[in-house]
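Pasting start15.csv here (CSV, C-alpha atoms):
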```csv
chain,number,residue,atom,x,y,z
F,349,MET,CA,53.9,-129.5,210.8
F,350,ARG,CA,55.1,-125.9,210.1
F,351,TYR,CA,54.2,-126.3,206.4
F,352,LEU,CA,50.7,-127.6,207.2
F,353,SER,CA,50.0,-124.7,209.6
F,354,PHE,CA,51.3,-122.2,206.9
F,355,LEU,CA,48.9,-123.7,204.4
F,356,VAL,CA,46.0,-123.4,206.9
F,357,PHE,CA,46.9,-119.8,207.6
F,358,ALA,CA,47.1,-119.0,203.9
F,359,ALA,CA,43.7,-120.6,203.2
F,360,VAL,CA,42.1,-118.7,206.1
F,361,LEU,CA,43.7,-115.4,205.0
F,362,SER,CA,42.6,-115.9,201.4
F,363,ALA,CA,39.0,-116.7,202.5
F,364,LEU,CA,38.9,-113.5,204.5
F,365,LEU,CA,40.3,-111.3,201.7
F,366,TRP,CA,38.3,-112.8,198.8
F,367,PRO,CA,35.2,-110.6,199.3
F,368,TYR,CA,37.3,-107.5,199.3
F,369,VAL,CA,39.0,-108.6,196.1
F,370,THR,CA,35.5,-109.2,194.6
F,371,VAL,CA,34.5,-105.7,195.5
F,372,TYR,CA,37.6,-104.4,193.8
F,373,ARG,CA,36.8,-106.4,190.7
F,374,LEU,CA,33.2,-105.3,190.8
F,375,SER,CA,34.4,-101.7,191.0
F,376,ASN,CA,36.6,-102.1,187.9
F,377,ALA,CA,33.7,-103.7,186.0
F,378,ILE,CA,31.3,-100.8,186.9
F,379,SER,CA,34.0,-98.1,186.2
F,380,SER,CA,34.8,-99.5,182.8
F,381,GLY,CA,31.1,-100.1,181.9
F,382,ASP,CA,31.6,-103.8,181.3
F,383,MET,CA,28.1,-105.2,181.7
F,384,PRO,CA,29.1,-108.9,181.0
F,385,ALA,CA,31.7,-108.7,183.7
F,386,LEU,CA,29.3,-107.0,186.1
F,387,THR,CA,26.6,-109.7,185.5
F,388,GLN,CA,28.9,-112.4,186.7
F,389,PHE,CA,28.9,-110.7,190.2
F,390,LEU,CA,25.1,-110.5,190.3
F,391,ASP,CA,22.4,-112.9,191.3
F,392,MET,CA,19.7,-111.0,189.5
F,393,PRO,CA,16.7,-113.1,190.6
F,394,ALA,CA,17.7,-112.6,194.2
F,395,VAL,CA,18.3,-108.8,193.7
F,396,GLN,CA,14.9,-108.5,192.1
F,397,ALA,CA,13.1,-110.6,194.7
F,398,ASN,CA,14.8,-108.6,197.5
F,399,TYR,CA,13.8,-105.3,195.9
F,400,GLU,CA,10.3,-106.5,195.3
F,401,LYS,CA,9.9,-107.6,198.9
F,402,THR,CA,11.2,-104.1,200.0
F,403,THR,CA,8.8,-102.2,197.8
F,404,GLN,CA,5.9,-104.6,198.6
F,405,ALA,CA,6.3,-103.8,202.3
F,406,SER,CA,5.9,-100.1,201.5
F,407,LEU,CA,2.5,-100.6,199.8
F,408,PRO,CA,-0.5,-99.7,201.9
F,409,ASP,CA,-2.8,-102.6,203.1
F,410,LEU,CA,-6.1,-101.9,201.4
F,411,SER,CA,-7.8,-105.2,202.3
F,412,GLN,CA,-9.5,-103.6,205.3
F,413,PHE,CA,-10.8,-100.6,203.4
F,414,ASN,CA,-13.4,-98.6,205.5
F,415,GLY,CA,-12.8,-100.9,208.5
F,416,ASN,CA,-14.2,-104.1,206.9
F,417,ASN,CA,-13.1,-106.7,204.4
F,418,SER,CA,-13.6,-104.8,201.1
F,419,ALA,CA,-13.7,-106.4,197.7
F,420,LEU,CA,-12.7,-103.1,196.1
F,421,GLY,CA,-9.8,-102.8,198.6
F,422,ASN,CA,-8.6,-106.4,197.7
F,423,LEU,CA,-8.9,-105.7,194.0
F,424,VAL,CA,-6.8,-102.5,194.3
F,425,GLN,CA,-4.3,-104.3,196.6
F,426,ASN,CA,-3.9,-107.2,194.1
F,427,GLY,CA,-3.5,-104.7,191.2
F,428,LEU,CA,-0.8,-102.8,193.1
F,429,GLN,CA,1.1,-106.0,193.9
F,430,GLN,CA,0.9,-107.1,190.2
F,431,LEU,CA,2.1,-103.7,189.1
F,432,ASN,CA,5.0,-103.7,191.6
F,433,GLN,CA,6.0,-107.2,190.4
F,434,THR,CA,6.0,-106.2,186.8
F,435,LEU,CA,7.9,-103.0,187.4
F,436,VAL,CA,10.6,-104.7,189.4
F,437,GLN,CA,11.0,-107.4,186.7
F,438,HIS,CA,11.4,-104.8,183.9
F,439,THR,CA,13.5,-102.1,185.7
F,440,ILE,CA,15.8,-104.0,188.0
F,441,ASP,CA,18.7,-105.2,185.9
F,442,ALA,CA,22.5,-105.0,185.7
F,443,GLN,CA,22.3,-101.4,184.3
F,444,TRP,CA,20.2,-100.4,187.3
F,445,VAL,CA,22.6,-102.0,189.8
F,446,SER,CA,25.5,-100.2,188.0
F,447,SER,CA,23.7,-96.9,188.3
F,448,VAL,CA,22.9,-97.4,192.0
F,449,LEU,CA,26.4,-98.4,192.9
F,450,GLN,CA,28.1,-95.8,190.7
F,451,PRO,CA,25.9,-92.7,190.4
F,452,LYS,CA,26.8,-90.4,187.5
F,453,ALA,CA,27.5,-87.5,189.8
F,454,GLN,CA,30.2,-89.5,191.7
F,455,THR,CA,33.7,-89.3,190.3
F,456,ALA,CA,35.1,-91.9,192.8
F,457,ASN,CA,34.7,-95.5,191.8
F,458,VAL,CA,33.0,-98.1,194.0
F,459,PHE,CA,36.2,-99.2,195.7
F,460,GLU,CA,37.1,-95.6,196.5
F,461,ARG,CA,33.6,-95.0,198.0
F,462,PHE,CA,33.9,-98.2,200.1
F,463,SER,CA,33.6,-97.3,203.7
F,464,PHE,CA,32.7,-100.6,205.5
F,465,GLY,CA,32.6,-104.2,204.7
F,466,PHE,CA,32.4,-107.2,206.9
F,467,PHE,CA,31.0,-110.7,207.3
F,468,GLU,CA,27.5,-111.1,208.7
F,469,SER,CA,28.0,-114.9,208.5
F,470,PRO,CA,30.6,-117.1,206.8
F,471,THR,CA,28.6,-117.0,203.6
F,472,ARG,CA,27.2,-113.4,203.8
F,473,PHE,CA,29.2,-110.2,203.4
F,474,MET,CA,27.8,-106.6,203.8
F,475,VAL,CA,29.3,-103.6,202.1
F,476,ARG,CA,28.5,-99.9,202.7
F,477,LEU,CA,29.5,-97.3,200.1
F,478,GLY,CA,29.6,-93.8,201.7
F,479,GLU,CA,29.5,-92.6,205.3
F,480,LEU,CA,26.6,-93.1,207.7
F,481,GLY,CA,24.3,-90.1,207.8
F,482,GLN,CA,25.1,-89.2,204.2
F,483,ASN,CA,22.7,-91.6,202.5
F,484,PRO,CA,25.1,-94.5,202.0
F,485,THR,CA,24.4,-97.4,199.6
F,486,HIS,CA,24.5,-100.9,201.0
F,487,PHE,CA,24.8,-104.2,199.2
F,488,TYR,CA,24.9,-107.8,200.4
F,489,MET,CA,27.0,-110.5,198.8
F,490,THR,CA,26.6,-114.2,199.4
F,491,TRP,CA,28.9,-117.1,198.6
F,492,GLN,CA,27.4,-119.0,195.7
F,493,ASP,CA,29.0,-121.5,193.3
F,494,TRP,CA,32.5,-120.7,194.6
F,495,GLN,CA,32.2,-117.0,194.2
F,496,TRP,CA,30.8,-113.9,195.9
F,497,ARG,CA,27.6,-112.6,194.2
F,498,ILE,CA,25.4,-109.5,195.0
F,499,VAL,CA,22.0,-110.5,196.2
F,500,ALA,CA,20.6,-107.2,197.6
F,501,VAL,CA,21.1,-103.5,197.0
F,502,TYR,CA,19.7,-100.9,199.3
```

Output the structure of this file as structure tokens.
Amino acid sequence: MRYLSFLVFAAVLSALLWPYVTVYRLSNAISSGDMPALTQFLDMPAVQANYEKTTQASLPDLSQFNGNNSALGNLVQNGLQQLNQTLVQHTIDAQWVSSVLQPKAQTANVFERFSFGFFESPTRFMVRLGELGQNPTHFYMTWQDWQWRIVAVY
């Protein structure tokens, strides 16, 4: 019985520590500039979709241009949405994620800038790089295919 409880304890402890180990490995991949290693930690379609959703929300609603349903407003709105989608697909990549998580001006690596990380749910982990009030970077990881992968960067 003691052996079984030790195994359960070890399994729970390793499950709780795994995302922190992933952040450490992610930090090493970014610090060394190893893009193939970095991409294994990214769910790029999810990162792009999240960023596109965030930027889409900041676009103005032009469908009610001049107080009524305007064809010109709808046309401009659709054009802005298409442009936003194209820009996100072409600019948000592993290199962009690396530059956001490890700015060139920063001498500390990602793990040294790590100030907070905890589970939002059993399959979602939030990390904050930097202190609150000093423009920190946040990223979210989810449990996918037996590993933690980044799905959003803010």

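For the set F:Ser463, F:Thr403, F:Gln388, F:Asn376, the residue with the smallest atom-to-atom gap to Leu435 in chain F is F:Thr403, counting all atoms listed in the file.
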
- Task: Tell me which protein, DNA and RNA residues are within 8 Å of Val371 in chain F, counting all atoms listed in the file, leaving out same-chain ones fewer than 4 positions away, and put them as a ChimeraX atom specification.
- Result: /F:367,375,458-459

- d(CA of Asn422 in chain F, CA of Leu407 in chain F) in Å: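 About the pair CA of Asn422 in chain F and CA of Leu407 in chain F: they are 12.7 Å apart.
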
- Message: As an exercise, work out the distance from CA of Asp391 in chain F to CA of Ala500 in chain F in Å and give it to one decimal place.
- Response: 8.7 Å

- Item | Gap from CA of Ile498 in chain F to CA of Leu390 in chain F - Å, one decimal |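 We find that CA of Ile498 in chain F and CA of Leu390 in chain F lie 4.8 Å from each other.
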
- Quick one: everything within 9 Å of range 437-441 of chain F, counting all atoms listed in the file, minus sequence neighbours fewer than 5 positions away in the same chain. Send it as a ChimeraX atom specification. /F:392-393,395-397,399-400,432,446

What does the file look like for those residues with C-alpha atoms, as a PDB file, in the frame of the given file?
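File written: again.pdb
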```pdb
ATOM      1  CA  MET F 392      19.700-111.000 189.500  1.00  0.00           C
ATOM      2  CA  PRO F 393      16.700-113.100 190.600  1.00  0.00           C
ATOM      3  CA  VAL F 395      18.300-108.800 193.700  1.00  0.00           C
ATOM      4  CA  GLN F 396      14.900-108.500 192.100  1.00  0.00           C
ATOM      5  CA  ALA F 397      13.100-110.600 194.700  1.00  0.00           C
ATOM      6  CA  TYR F 399      13.800-105.300 195.900  1.00  0.00           C
ATOM      7  CA  GLU F 400      10.300-106.500 195.300  1.00  0.00           C
ATOM      8  CA  ASN F 432       5.000-103.700 191.600  1.00  0.00           C
ATOM      9  CA  SER F 446      25.500-100.200 188.000  1.00  0.00           C
TER      10      SER F 446
END
```

Go ahead and find all residues with at least one atom no further than 8 Å from (27.8, -106.6, 186.3) in the file's coordinates, using all atoms listed in the file; report them as a PDB file with C-alpha atoms, in the coordinates of the input.
```
ATOM      1  CA  LEU F 374      33.200-105.300 190.800  1.00  0.00           C
ATOM      2  CA  ALA F 377      33.700-103.700 186.000  1.00  0.00           C
ATOM      3  CA  ILE F 378      31.300-100.800 186.900  1.00  0.00           C
ATOM      4  CA  ASP F 382      31.600-103.800 181.300  1.00  0.00           C
ATOM      5  CA  MET F 383      28.100-105.200 181.700  1.00  0.00           C
ATOM      6  CA  PRO F 384      29.100-108.900 181.000  1.00  0.00           C
ATOM      7  CA  ALA F 385      31.700-108.700 183.700  1.00  0.00           C
ATOM      8  CA  LEU F 386      29.300-107.000 186.100  1.00  0.00           C
ATOM      9  CA  THR F 387      26.600-109.700 185.500  1.00  0.00           C
ATOM     10  CA  GLN F 388      28.900-112.400 186.700  1.00  0.00           C
ATOM     11  CA  PHE F 389      28.900-110.700 190.200  1.00  0.00           C
ATOM     12  CA  LEU F 390      25.100-110.500 190.300  1.00  0.00           C
ATOM     13  CA  ALA F 442      22.500-105.000 185.700  1.00  0.00           C
ATOM     14  CA  GLN F 443      22.300-101.400 184.300  1.00  0.00           C
ATOM     15  CA  VAL F 445      22.600-102.000 189.800  1.00  0.00           C
ATOM     16  CA  SER F 446      25.500-100.200 188.000  1.00  0.00           C
TER      17      SER F 446
END
```

- Message: For a quick check of understanding, using all atoms listed in the file, which of F:Leu423, F:Val436, F:Phe462, F:Ser406 has the smallest distance to Tyr368 in chain F?
- Response: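 The shortest atom-to-atom distance to Tyr368 in chain F comes from F:Phe462.
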
- Pro484 in chain F: which residues within 12 Å, counting all atoms listed in the file, same-chain residues fewer than 2 positions away excluded, as a ChimeraX atom specification? /F:448-451,458,461-464,475-482,486-487,501-502
